[in-house]
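Shown next: structure.tsv, given as TSV, C-alpha atoms and all ligand atoms.
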chain	number	residue	atom	x	y	z
A	1	MET	CA	-3.54	7.06	-37.42
A	2	THR	CA	-1.37	9.15	-35.10
A	3	ILE	CA	-1.24	9.90	-31.41
A	4	GLU	CA	0.42	13.17	-30.43
A	5	ILE	CA	1.14	13.84	-26.77
A	6	ASP	CA	2.94	16.85	-25.31
A	7	VAL	CA	2.17	17.34	-21.63
A	8	ALA	CA	3.69	18.94	-18.54
A	9	LEU	CA	2.38	18.20	-15.07
A	10	HIS	CA	3.98	19.39	-11.86
A	11	ARG	CA	3.10	17.83	-8.55
A	12	ARG	CA	4.81	18.67	-5.28
A	13	THR	CA	7.00	15.58	-5.41
A	14	PHE	CA	7.01	14.73	-9.11
A	15	ALA	CA	7.35	16.59	-12.38
A	16	LEU	CA	6.33	15.06	-15.69
A	17	GLU	CA	7.30	16.54	-19.06
A	18	VAL	CA	6.56	14.11	-21.82
A	19	ALA	CA	6.21	14.49	-25.59
A	20	PHE	CA	5.93	11.70	-28.12
A	21	THR	CA	4.10	10.74	-31.28
A	22	ALA	CA	3.07	7.23	-32.20
A	23	GLY	CA	1.43	5.61	-35.20
A	24	ALA	CA	-0.78	2.57	-35.61
A	25	GLY	CA	-0.12	-0.62	-33.69
A	26	LEU	CA	0.87	-0.98	-30.06
A	27	THR	CA	2.89	1.74	-28.35
A	28	ALA	CA	4.52	0.57	-25.13
A	29	LEU	CA	5.18	3.03	-22.31
A	30	PHE	CA	8.11	1.36	-20.66
A	31	GLY	CA	10.13	2.31	-17.60
A	32	ARG	CA	10.89	1.77	-13.96
A	33	SER	CA	8.30	1.99	-11.23
A	34	GLY	CA	7.53	5.64	-10.56
A	35	SER	CA	8.78	6.87	-13.96
A	36	GLY	CA	5.35	8.31	-14.80
A	37	LYS	CA	3.72	5.68	-17.02
A	38	THR	CA	0.35	5.61	-15.26
A	39	THR	CA	0.36	9.39	-14.98
A	40	VAL	CA	0.59	9.61	-18.80
A	41	ILE	CA	-2.27	7.10	-19.16
A	42	ASP	CA	-4.43	9.15	-16.74
A	43	LEU	CA	-3.71	12.33	-18.70
A	44	ILE	CA	-4.72	10.71	-22.01
A	45	ALA	CA	-7.90	9.27	-20.47
A	46	GLY	CA	-8.72	12.67	-18.96
A	47	LEU	CA	-8.62	11.34	-15.38
A	48	SER	CA	-6.11	14.03	-14.44
A	49	HIS	CA	-5.10	17.28	-16.08
A	50	PRO	CA	-1.72	18.75	-16.89
A	51	GLN	CA	-0.75	22.38	-16.29
A	52	ARG	CA	0.21	22.54	-19.96
A	53	GLY	CA	-0.49	20.15	-22.75
A	54	ARG	CA	-1.83	19.08	-26.09
A	55	ILE	CA	-3.20	15.61	-26.83
A	56	VAL	CA	-4.42	14.82	-30.35
A	57	ILE	CA	-5.66	11.40	-31.49
A	58	ASP	CA	-6.06	10.96	-35.21
A	59	GLY	CA	-6.74	14.65	-35.73
A	60	THR	CA	-9.21	14.98	-32.83
A	61	VAL	CA	-7.97	17.40	-30.19
A	62	LEU	CA	-8.70	15.97	-26.72
A	63	LEU	CA	-6.74	18.62	-24.90
A	64	ASP	CA	-5.08	21.87	-25.82
A	65	THR	CA	-4.43	24.08	-22.83
A	66	ALA	CA	-3.23	26.94	-25.05
A	67	GLN	CA	-6.62	27.00	-26.84
A	68	GLY	CA	-8.67	26.23	-23.71
A	69	VAL	CA	-9.80	22.85	-25.10
A	70	ARG	CA	-10.42	20.11	-22.54
A	71	MET	CA	-12.71	17.34	-23.76
A	72	PRO	CA	-14.51	15.61	-20.86
A	73	VAL	CA	-13.69	11.97	-20.11
A	74	HIS	CA	-16.95	10.54	-21.46
A	75	ARG	CA	-16.50	12.23	-24.86
A	76	ARG	CA	-12.89	11.13	-25.37
A	77	ARG	CA	-13.87	7.63	-26.56
A	78	ILE	CA	-10.92	5.97	-24.88
A	79	GLY	CA	-11.10	2.37	-23.70
A	80	CYS	CA	-9.22	1.44	-20.55
A	81	VAL	CA	-8.05	-1.96	-19.33
A	82	PHE	CA	-6.36	-2.10	-15.93
A	83	GLN	CA	-4.52	-4.75	-13.89
A	84	GLU	CA	-7.81	-5.97	-12.46
A	85	ALA	CA	-10.71	-6.70	-14.82
A	86	ARG	CA	-13.28	-4.81	-12.67
A	87	LEU	CA	-16.26	-6.71	-14.11
A	88	LEU	CA	-19.74	-6.41	-12.61
A	89	PRO	CA	-20.01	-9.61	-10.55
A	90	HIS	CA	-23.81	-10.00	-10.64
A	91	LEU	CA	-23.95	-9.84	-14.47
A	92	SER	CA	-23.10	-12.57	-16.98
A	93	VAL	CA	-20.22	-12.16	-19.40
A	94	ARG	CA	-22.73	-11.23	-22.14
A	95	GLN	CA	-24.32	-8.58	-19.91
A	96	ASN	CA	-20.90	-7.23	-18.94
A	97	LEU	CA	-20.07	-6.90	-22.64
A	98	ARG	CA	-23.41	-5.18	-23.34
A	99	PHE	CA	-22.62	-2.81	-20.51
A	100	GLY	CA	-19.60	-1.69	-22.57
A	101	ARG	CA	-21.90	-0.99	-25.52
A	102	LEU	CA	-23.96	1.39	-23.35
A	103	PHE	CA	-21.01	3.77	-23.43
A	104	ALA	CA	-20.56	3.58	-27.20
A	105	ARG	CA	-20.90	6.81	-29.13
A	106	GLY	CA	-21.64	6.94	-32.83
A	107	SER	CA	-22.38	3.84	-34.86
A	108	GLY	CA	-20.40	1.02	-36.43
A	109	GLY	CA	-17.64	-0.83	-34.64
A	110	PRO	CA	-17.50	-4.58	-34.08
A	111	SER	CA	-20.54	-6.56	-32.93
A	112	LEU	CA	-20.64	-8.39	-29.61
A	113	ASP	CA	-20.24	-11.69	-31.45
A	114	ALA	CA	-17.25	-10.45	-33.46
A	115	VAL	CA	-15.56	-9.23	-30.27
A	116	ALA	CA	-16.34	-12.51	-28.48
A	117	ASP	CA	-14.77	-14.43	-31.40
A	118	LEU	CA	-11.69	-12.19	-31.55
A	119	LEU	CA	-11.03	-12.73	-27.85
A	120	GLY	CA	-12.08	-16.39	-27.67
A	121	ILE	CA	-14.79	-15.72	-25.09
A	122	ALA	CA	-17.85	-16.89	-27.08
A	123	PRO	CA	-18.11	-20.09	-24.98
A	124	LEU	CA	-18.14	-18.02	-21.78
A	125	LEU	CA	-20.99	-15.64	-22.60
A	126	GLU	CA	-23.53	-17.05	-20.14
A	127	ARG	CA	-21.05	-17.48	-17.27
A	128	ARG	CA	-20.55	-15.12	-14.32
A	129	PRO	CA	-17.15	-13.45	-13.69
A	130	ALA	CA	-16.60	-15.37	-10.43
A	131	GLY	CA	-16.36	-18.64	-12.40
A	132	LEU	CA	-13.71	-17.38	-14.84
A	133	SER	CA	-9.93	-17.55	-14.65
A	134	GLY	CA	-7.99	-14.31	-14.31
A	135	GLY	CA	-7.01	-14.48	-17.99
A	136	GLU	CA	-10.60	-15.02	-19.09
A	137	ARG	CA	-11.80	-12.12	-16.95
A	138	GLN	CA	-9.15	-9.90	-18.50
A	139	ARG	CA	-10.29	-10.90	-22.02
A	140	VAL	CA	-13.87	-9.98	-21.09
A	141	ALA	CA	-12.62	-6.61	-19.79
A	142	ILE	CA	-10.86	-6.02	-23.11
A	143	GLY	CA	-14.05	-6.98	-24.97
A	144	ARG	CA	-16.12	-4.59	-22.88
A	145	ALA	CA	-13.67	-1.78	-23.67
A	146	LEU	CA	-13.76	-2.60	-27.42
A	147	LEU	CA	-17.57	-2.56	-27.55
A	148	ALA	CA	-17.60	1.05	-26.40
A	149	ARG	CA	-16.13	1.87	-29.86
A	150	PRO	CA	-13.01	3.56	-28.53
A	151	ARG	CA	-10.69	5.57	-30.77
A	152	LEU	CA	-7.78	4.38	-28.62
A	153	LEU	CA	-7.27	1.56	-26.13
A	154	LEU	CA	-5.20	2.20	-23.00
A	155	MET	CA	-3.87	-0.89	-21.22
A	156	ASP	CA	-2.15	-0.32	-17.87
A	157	GLU	CA	-0.13	-3.43	-16.93
A	158	PRO	CA	-3.01	-5.70	-17.97
A	159	LEU	CA	-1.01	-8.88	-17.32
A	160	SER	CA	0.73	-8.03	-14.07
A	161	ALA	CA	-1.91	-9.65	-11.85
A	162	LEU	CA	-1.80	-12.91	-13.84
A	163	ASP	CA	0.47	-15.92	-13.34
A	164	GLU	CA	2.73	-17.11	-16.17
A	165	ALA	CA	0.20	-19.63	-17.51
A	166	ARG	CA	-2.56	-17.01	-17.71
A	167	LYS	CA	-0.15	-14.55	-19.38
A	168	ARG	CA	0.65	-17.15	-22.01
A	169	GLU	CA	-3.06	-17.64	-22.61
A	170	ILE	CA	-3.87	-13.97	-23.11
A	171	LEU	CA	-0.86	-12.73	-25.10
A	172	PRO	CA	-1.97	-14.15	-28.47
A	173	TYR	CA	-5.29	-12.30	-28.07
A	174	ILE	CA	-3.49	-9.00	-27.48
A	175	GLU	CA	-1.44	-9.72	-30.61
A	176	ARG	CA	-4.65	-10.33	-32.58
A	177	LEU	CA	-6.10	-7.13	-31.23
A	178	ARG	CA	-2.99	-5.25	-32.34
A	179	ASP	CA	-2.96	-6.87	-35.80
A	180	GLU	CA	-6.66	-7.27	-36.63
A	181	ALA	CA	-8.76	-4.73	-34.75
A	182	GLY	CA	-7.07	-1.72	-36.37
A	183	LEU	CA	-7.26	0.10	-33.05
A	184	PRO	CA	-4.21	1.91	-31.69
A	185	ILE	CA	-3.13	0.70	-28.27
A	186	VAL	CA	-1.03	2.44	-25.62
A	187	TYR	CA	0.28	-0.28	-23.31
A	188	VAL	CA	2.05	0.25	-19.97
A	189	SER	CA	4.58	-2.34	-18.91
A	190	HIS	CA	7.89	-2.70	-17.15
A	191	SER	CA	8.48	-6.17	-18.59
A	192	VAL	CA	11.11	-6.38	-21.34
A	193	ALA	CA	9.56	-9.70	-22.42
A	194	GLU	CA	6.09	-8.24	-22.92
A	195	VAL	CA	7.34	-5.12	-24.64
A	196	ALA	CA	9.58	-7.08	-27.03
A	197	ARG	CA	6.75	-9.38	-27.95
A	198	LEU	CA	3.92	-6.87	-28.32
A	199	ALA	CA	5.17	-3.39	-29.11
A	200	SER	CA	5.51	-1.73	-32.48
A	201	THR	CA	6.81	1.50	-30.91
A	202	VAL	CA	8.42	1.95	-27.50
A	203	VAL	CA	8.53	5.16	-25.43
A	204	VAL	CA	10.93	4.82	-22.48
A	205	LEU	CA	10.11	6.99	-19.47
A	206	ASP	CA	12.59	7.84	-16.76
A	207	GLY	CA	11.91	10.27	-13.92
A	208	GLY	CA	8.93	11.83	-15.71
A	209	ARG	CA	10.78	12.40	-18.98
A	210	VAL	CA	11.13	10.54	-22.27
A	211	ALA	CA	14.56	8.89	-22.16
A	212	GLY	CA	14.18	7.45	-25.66
A	213	GLN	CA	11.61	6.34	-28.20
A	214	GLY	CA	11.48	4.47	-31.48
A	215	PRO	CA	10.67	1.14	-33.13
A	216	VAL	CA	10.87	-1.80	-30.71
A	217	ASP	CA	13.99	-3.33	-32.28
A	218	ALA	CA	15.94	-0.06	-32.07
A	219	VAL	CA	14.95	0.70	-28.46
A	220	MET	CA	15.56	-2.80	-27.09
A	221	ARG	CA	19.17	-2.66	-28.34
A	222	ARG	CA	19.86	0.44	-26.25
A	223	ALA	CA	21.38	-0.91	-23.03
A	224	ASP	CA	21.31	2.65	-21.65
A	225	LEU	CA	17.50	2.70	-21.94
A	226	ILE	CA	16.67	-0.68	-20.45
A	227	PRO	CA	16.36	-0.60	-16.63
A	228	ASP	CA	18.17	-3.95	-16.46
A	229	ALA	CA	20.96	-3.40	-19.02
A	230	ALA	CA	21.65	-7.16	-19.12
A	231	GLU	CA	18.27	-7.59	-20.81
A	232	ALA	CA	19.28	-5.45	-23.80
A	233	GLY	CA	19.35	-7.23	-27.13
A	234	SER	CA	17.86	-7.33	-30.57
A	235	VAL	CA	14.25	-8.12	-31.42
A	236	LEU	CA	13.71	-9.88	-34.73
A	237	ALA	CA	10.36	-10.19	-36.51
A	238	MET	CA	10.51	-13.85	-37.53
A	239	THR	CA	8.11	-16.13	-39.42
A	240	VAL	CA	7.70	-19.86	-38.84
A	241	ALA	CA	8.96	-21.43	-42.10
A	242	GLY	CA	8.65	-25.11	-41.24
A	243	HIS	CA	9.13	-27.91	-38.73
A	244	ASP	CA	11.52	-30.84	-38.80
A	245	ASP	CA	10.01	-33.38	-36.42
A	246	THR	CA	12.88	-35.84	-36.84
A	247	ALA	CA	15.51	-33.28	-35.87
A	248	GLY	CA	13.15	-31.67	-33.34
A	249	LEU	CA	13.62	-28.24	-34.87
A	250	THR	CA	11.48	-25.35	-36.09
A	251	ARG	CA	12.95	-23.23	-38.87
A	252	LEU	CA	12.35	-19.50	-38.68
A	253	THR	CA	13.08	-16.89	-41.32
A	254	GLY	CA	13.62	-13.24	-40.62
A	255	PRO	CA	15.62	-10.11	-41.34
A	256	ALA	CA	18.93	-11.43	-39.94
A	257	GLY	CA	18.69	-14.71	-41.86
A	258	PRO	CA	17.32	-18.15	-40.94
A	259	LEU	CA	17.40	-19.52	-37.40
A	260	SER	CA	16.58	-22.99	-36.06
A	261	VAL	CA	15.03	-23.38	-32.64
A	262	PRO	CA	13.70	-26.42	-30.74
A	263	LEU	CA	10.24	-27.36	-32.00
A	264	LEU	CA	7.60	-24.71	-31.40
A	265	ALA	CA	3.91	-25.54	-31.39
A	266	LEU	CA	3.13	-22.75	-33.83
A	267	PRO	CA	1.69	-23.01	-37.36
A	268	VAL	CA	3.78	-22.35	-40.45
A	269	GLY	CA	3.40	-18.71	-41.47
A	270	ARG	CA	2.92	-17.49	-37.89
A	271	ARG	CA	4.91	-14.33	-37.12
A	272	LEU	CA	6.66	-13.86	-33.81
A	273	ASN	CA	9.07	-11.42	-32.26
A	274	LEU	CA	12.20	-13.21	-31.16
A	275	ARG	CA	14.44	-11.51	-28.63
A	276	LEU	CA	18.16	-12.23	-28.79
A	277	PRO	CA	19.72	-10.93	-25.56
A	278	ALA	CA	23.17	-9.44	-26.22
A	279	ARG	CA	24.72	-11.74	-23.59
A	280	ASP	CA	23.69	-14.76	-25.67
A	281	VAL	CA	25.42	-13.67	-28.89
A	282	LEU	CA	29.12	-14.56	-29.40
A	283	LEU	CA	31.33	-13.18	-32.16
A	284	ALA	CA	34.03	-14.90	-34.17
A	285	THR	CA	36.25	-13.31	-36.83
A	286	GLU	CA	36.30	-16.54	-38.84
A	287	ALA	CA	33.56	-19.03	-39.66
A	288	PRO	CA	33.59	-21.34	-36.63
A	289	GLN	CA	34.28	-25.06	-37.12
A	290	GLY	CA	33.21	-27.93	-34.90
A	291	LEU	CA	30.76	-25.84	-32.93
A	292	SER	CA	27.63	-27.20	-31.25
A	293	ALA	CA	25.67	-23.97	-31.80
A	294	ARG	CA	23.87	-24.25	-35.14
A	295	ASN	CA	22.87	-20.64	-35.65
A	296	VAL	CA	25.77	-18.75	-37.12
A	297	LEU	CA	25.01	-15.56	-39.03
A	298	PRO	CA	27.61	-13.69	-41.07
A	299	GLY	CA	27.69	-9.92	-40.66
A	300	ARG	CA	29.73	-6.78	-40.26
A	301	VAL	CA	30.44	-4.64	-37.16
A	302	VAL	CA	28.59	-1.33	-37.42
A	303	GLY	CA	29.03	-0.01	-33.88
A	304	LEU	CA	31.08	-0.52	-30.72
A	305	ARG	CA	30.38	0.98	-27.32
A	306	GLU	CA	32.31	0.34	-24.14
A	307	GLU	CA	30.35	0.06	-20.95
A	308	GLY	CA	32.36	-0.68	-17.83
A	309	ALA	CA	34.20	-3.96	-18.43
A	310	ALA	CA	31.85	-4.83	-21.30
A	311	CYS	CA	31.85	-3.89	-24.95
A	312	LEU	CA	28.53	-3.80	-26.78
A	313	VAL	CA	28.99	-4.58	-30.45
A	314	GLU	CA	26.36	-3.92	-33.10
A	315	VAL	CA	26.54	-6.29	-36.04
A	316	ALA	CA	24.60	-5.80	-39.28
A	317	CYS	CA	23.34	-9.25	-40.33
A	318	GLY	CA	21.17	-9.15	-43.45
A	319	ALA	CA	18.56	-6.46	-42.85
A	320	ALA	CA	18.84	-6.60	-39.05
A	321	ILE	CA	21.25	-5.40	-36.40
A	322	LEU	CA	22.24	-7.86	-33.69
A	323	LEU	CA	23.77	-6.80	-30.40
A	324	ALA	CA	26.57	-8.81	-28.80
A	325	ARG	CA	27.95	-8.24	-25.32
A	326	LEU	CA	31.65	-9.07	-25.09
A	327	THR	CA	34.27	-8.29	-22.48
A	328	ARG	CA	36.43	-5.34	-23.51
A	329	ALA	CA	39.41	-7.72	-23.49
A	330	SER	CA	37.69	-10.07	-25.99
A	331	ALA	CA	36.75	-7.20	-28.29
A	332	ARG	CA	40.38	-6.05	-28.22
A	333	ASP	CA	41.76	-9.57	-28.79
A	334	LEU	CA	39.48	-10.00	-31.82
A	335	GLY	CA	40.69	-6.62	-33.14
A	336	LEU	CA	37.10	-5.50	-33.75
A	337	THR	CA	36.55	-2.12	-35.36
A	338	GLU	CA	33.71	-0.69	-37.40
A	339	GLY	CA	33.51	-2.56	-40.68
A	340	SER	CA	35.10	-5.80	-39.35
A	341	PRO	CA	33.50	-8.88	-40.90
A	342	VAL	CA	32.33	-11.26	-38.16
A	343	HIS	CA	30.19	-14.31	-37.55
A	344	ALA	CA	27.50	-13.94	-34.90
A	345	ILE	CA	26.87	-17.16	-32.98
A	346	VAL	CA	23.45	-17.18	-31.37
A	347	LYS	CA	23.59	-19.34	-28.24
A	348	SER	CA	20.00	-18.97	-27.15
A	349	VAL	CA	16.92	-16.90	-27.71
A	350	ALA	CA	14.46	-15.58	-25.19
A	351	LEU	CA	11.06	-16.91	-26.11
A	352	ASP	CA	9.27	-14.06	-24.57
A	353	ALA	CA	6.34	-14.44	-22.27
A	354	GLY	CA	5.93	-18.10	-22.89
A	355	LEU	CA	5.93	-18.74	-26.62
A	356	GLY	CA	7.91	-21.91	-26.15
A	357	PRO	CA	7.51	-24.83	-23.83
A	358	GLY	CA	7.66	-23.11	-20.46
A	359	GLY	CA	8.87	-19.87	-22.05
A	360	GLY	CA	12.05	-18.23	-20.85
A	361	ARG	CA	15.40	-18.96	-22.46
A	362	LEU	CA	15.84	-21.55	-25.12
A	363	GLU	CA	19.33	-22.87	-25.87
A	364	ILE	CA	19.73	-23.14	-29.62
A	401	LIG	N1	-2.33	11.30	-7.33
A	401	LIG	C1	-1.04	11.53	-7.09
A	401	LIG	N2	-0.63	12.56	-6.32
A	401	LIG	C2	0.67	12.80	-6.10
A	401	LIG	N3	1.68	12.08	-6.64
A	401	LIG	C3	1.35	11.04	-7.40
A	401	LIG	C4	-0.02	10.69	-7.69
A	401	LIG	N4	-0.03	9.61	-8.49
A	401	LIG	C5	1.26	9.29	-8.70
A	401	LIG	N5	2.09	10.13	-8.06
A	401	LIG	C6	3.56	10.12	-8.09
A	401	LIG	O1	3.95	10.36	-9.44
A	401	LIG	C7	5.09	9.55	-9.77
A	401	LIG	C8	4.79	8.73	-11.03
A	401	LIG	O2	3.82	7.75	-10.70
A	401	LIG	P1	3.21	6.77	-11.81
A	401	LIG	O3	2.18	5.95	-11.12
A	401	LIG	O4	2.81	7.55	-12.99
A	401	LIG	O5	4.48	5.88	-12.16
A	401	LIG	P2	4.54	4.49	-12.95
A	401	LIG	O6	5.69	4.60	-13.89
A	401	LIG	O7	3.20	4.18	-13.53
A	401	LIG	O8	4.88	3.48	-11.77
A	401	LIG	P3	4.44	1.93	-11.56
A	401	LIG	O9	5.17	1.13	-12.61
A	401	LIG	O10	4.93	1.64	-10.17
A	401	LIG	O11	2.96	1.86	-11.69
A	401	LIG	C9	5.42	8.73	-8.53
A	401	LIG	O12	6.46	9.37	-7.85
A	401	LIG	C10	4.14	8.75	-7.74
A	401	LIG	O13	4.43	8.63	-6.36
Show me, as structure tokens, the structure contained in the file I just sent.
Amino acid sequence: MTIEIDVALHRRTFALEVAFTAGAGLTALFGRSGSGKTTVIDLIAGLSHPQRGRIVIDGTVLLDTAQGVRMPVHRRRIGCVFQEARLLPHLSVRQNLRFGRLFARGSGGPSLDAVADLLGIAPLLERRPAGLSGGERQRVAIGRALLARPRLLLMDEPLSALDEARKREILPYIERLRDEAGLPIVYVSHSVAEVARLASTVVVLDGGRVAGQGPVDAVMRRADLIPDAAEAGSVLAMTVAGHDDTAGLTRLTGPAGPLSVPLLALPVGRRLNLRLPARDVLLATEAPQGLSARNVLPGRVVGLREEGAACLVEVACGAAILLARLTRASARDLGLTEGSPVHAIVKSVALDAGLGPGGGRLEI
């Protein structure tokens, strides 16, 4: 499964020149307001047209201006989910879902019941949209899009109209969709938390151009690519290994080594992306003694970059690279150079978009 995009669109006040390829999973289009994210979504959906471009999804050419190919919107088989669910208010949830099926082309694809189960909306089928929470409405909108048997799902800031509690409710369903439905997703967001938690691949847009792209862990470490550089850090794919109720800790395993965090209400075996902001990682040249922080990972410096008064240090720990933000003076005092053995002390993790109690930062 591949998505290939290479488009150029020139408006009077804005020029977009974007090329990227993405594989299976969830590809996040990430960037500041006005960077061109929605414009790219509209071009893929066929809602607007570039002066030049080629868009190919899994071998099917949707657009190729050089060959005069421009597939109309209704034949593109692209599902769209926007900020607002846009359900038909006079129809029940079941009828809204069936409405999605009306647009399905070809055969196969999941049944209404399978989609309702995947999204946890089976108990809501006979209700009307007005009686649903924002998160429930959004899940119905996703279900309606899935029932049209799309080859690709476009999601344009689907959580931005929801409060934190509703975001928490819907995120696991988007993860299931990503992991179980086998449908590629292009997801627009300007939230580091959402991108870190959901994305497999990230394409960063800036001023209508691709500023950087790659796997989520590589892109989130690039302080130069993150609109708020203080949010830069590593993203680790962790698995819940066990809980220690007496100590009040959950043990996680992952590519950088084991980490303990305050108890999480997640089952053993559950995978989660943990974001370690660079500002929350300290470095020591010797194994620290008498320290309250319990998560100390041995590693080796593999990169140093000065940025103003700060020094960003990349540390290879196991199979992962952690990012630590030190002052330049501290980096000098520690005598850090490439190859230096260090101990990374993880002060806290960001439990993105509400995985933990209340979400946000968790001191560990
Ligand atoms: N229909 C249009 N006609 C002219 N200019 C437009 C149109 N739609 C968007 N623009 C301009 O194109 C630029 C990119 O807009 P776009 O909506 O793609 O950005 P975005 O990254 O999705 O922003 P946001 O995060 O705020 O939604 C902006 O400068 C915007 O003003």
Taking all atoms listed in the file and a cut-off of 6 Å, can you tell me which residues surround ligand LIG 401 (chain A), written as a list in words?
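Checking all atoms listed in the file against ligand LIG 401 (chain A) at 6 Å gives Phe14, Arg32, Ser33, Gly34, Ser35, Gly36, Lys37, Thr38 and Thr39 of chain A.
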Pairwise distance, CA of Glu164 (chain A) with CA of His190 (chain A), equals 15.3 Å
Would you give me, as a Markdown table, each residue of region 147-260 of chain A having an atom within 10 Å of an atom of region 133-141 of chain A, along with its shortest atom pair and that distance in Å to one decimal, using all atoms listed in the file and sorting by chain and residue number?
| residue | atom | partner | partner_atom | distance |
| --- | --- | --- | --- | --- |
| A:Pro158 | CA | A:Gln138 | CA | 7.5 |
| A:Leu159 | CA | A:Gly135 | CA | 8.2 |
| A:Ala161 | CA | A:Gly134 | CA | 8.0 |
| A:Leu162 | CA | A:Gly134 | CA | 6.4 |
| A:Asp163 | CA | A:Gly134 | CA | 8.7 |
| A:Ala165 | CA | A:Gly135 | CA | 8.9 |
| A:Arg166 | CA | A:Gly135 | CA | 5.1 |
| A:Lys167 | CA | A:Gly135 | CA | 7.0 |
| A:Arg168 | CA | A:Gly135 | CA | 9.1 |
| A:Glu169 | CA | A:Gly135 | CA | 6.9 |
| A:Ile170 | CA | A:Gly135 | CA | 6.0 |
| A:Leu171 | CA | A:Gly135 | CA | 9.6 |
| A:Tyr173 | CA | A:Arg139 | CA | 8.0 |
| A:Ile174 | CA | A:Arg139 | CA | 8.9 |
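Shortest separation to Val203 (chain A) among A:Ala104, A:Ala8, A:Leu225, A:Gly182 occurs at residue A:Leu225, atoms counted being all atoms listed in the file.
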Given all atoms listed in the file as the basis, pick out the residue of A:Ala256, A:Leu119, A:Leu297, A:Val240 nearest to Gly269 (chain A).
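Nearest to Gly269 (chain A): A:Val240.
The environment of Pro89 (chain A) within 7 Å, counting all atoms listed in the file and disregarding residues fewer than 5 places along the same chain, consists of Arg128, Pro129 and Ala130 of chain A.
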Can you tell me which residues surround Asn295 (chain A) at a distance of at most 9 Å, considering all atoms listed in the file, apart from same-chain residues fewer than 4 positions away, and format the answer as number ranges by chain?
A: 258-261, 344-347, 364
Please extract region 245-260 of chain A and write it out with N, CA and C atoms, as an mmCIF file, in the first residue's frame.
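The resulting file, result-v9.cif, is reproduced below:
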data_model
loop_
_atom_site.group_PDB
_atom_site.id
_atom_site.type_symbol
_atom_site.label_atom_id
_atom_site.label_comp_id
_atom_site.auth_asym_id
_atom_site.auth_seq_id
_atom_site.Cartn_x
_atom_site.Cartn_y
_atom_site.Cartn_z
ATOM 1 N N ASP A 245 0.736 -3.117 41.876
ATOM 2 C CA ASP A 245 -0.254 -2.321 42.597
ATOM 3 C C ASP A 245 0.311 -1.775 43.908
ATOM 4 N N THR A 246 1.164 -2.588 44.569
ATOM 5 C CA THR A 246 1.702 -2.148 45.857
ATOM 6 C C THR A 246 2.561 -0.902 45.682
ATOM 7 N N ALA A 247 3.437 -0.939 44.662
ATOM 8 C CA ALA A 247 4.310 0.215 44.436
ATOM 9 C C ALA A 247 3.591 1.313 43.650
ATOM 10 N N GLY A 248 2.418 0.980 43.083
ATOM 11 C CA GLY A 248 1.684 1.973 42.289
ATOM 12 C C GLY A 248 2.360 2.268 40.965
ATOM 13 N N LEU A 249 2.960 1.225 40.373
ATOM 14 C CA LEU A 249 3.707 1.449 39.133
ATOM 15 C C LEU A 249 3.261 0.503 38.012
ATOM 16 N N THR A 250 3.356 0.984 36.789
ATOM 17 C CA THR A 250 3.177 0.138 35.608
ATOM 18 C C THR A 250 4.542 0.024 34.931
ATOM 19 N N ARG A 251 4.917 -1.211 34.610
ATOM 20 C CA ARG A 251 6.197 -1.422 33.925
ATOM 21 C C ARG A 251 5.964 -1.474 32.423
ATOM 22 N N LEU A 252 6.772 -0.719 31.703
ATOM 23 C CA LEU A 252 6.670 -0.710 30.241
ATOM 24 C C LEU A 252 7.976 -1.216 29.666
ATOM 25 N N THR A 253 7.897 -1.952 28.550
ATOM 26 C CA THR A 253 9.137 -2.315 27.863
ATOM 27 C C THR A 253 9.108 -1.661 26.485
ATOM 28 N N GLY A 254 10.296 -1.395 25.981
ATOM 29 C CA GLY A 254 10.355 -0.746 24.680
ATOM 30 C C GLY A 254 11.776 -0.667 24.184
ATOM 31 N N PRO A 255 11.981 -0.003 23.058
ATOM 32 C CA PRO A 255 13.278 -0.039 22.386
ATOM 33 C C PRO A 255 14.417 0.607 23.162
ATOM 34 N N ALA A 256 14.112 1.534 24.098
ATOM 35 C CA ALA A 256 15.194 2.174 24.856
ATOM 36 C C ALA A 256 15.510 1.414 26.132
ATOM 37 N N GLY A 257 14.678 0.402 26.455
ATOM 38 C CA GLY A 257 14.831 -0.322 27.711
ATOM 39 C C GLY A 257 13.548 -0.183 28.506
ATOM 40 N N PRO A 258 13.519 -0.737 29.731
ATOM 41 C CA PRO A 258 12.289 -0.684 30.526
ATOM 42 C C PRO A 258 12.092 0.681 31.184
ATOM 43 N N LEU A 259 10.846 1.055 31.367
ATOM 44 C CA LEU A 259 10.512 2.286 32.083
ATOM 45 C C LEU A 259 9.375 1.979 33.035
ATOM 46 N N SER A 260 9.371 2.632 34.205
ATOM 47 C CA SER A 260 8.259 2.505 35.144
ATOM 48 C C SER A 260 7.522 3.824 35.185
#
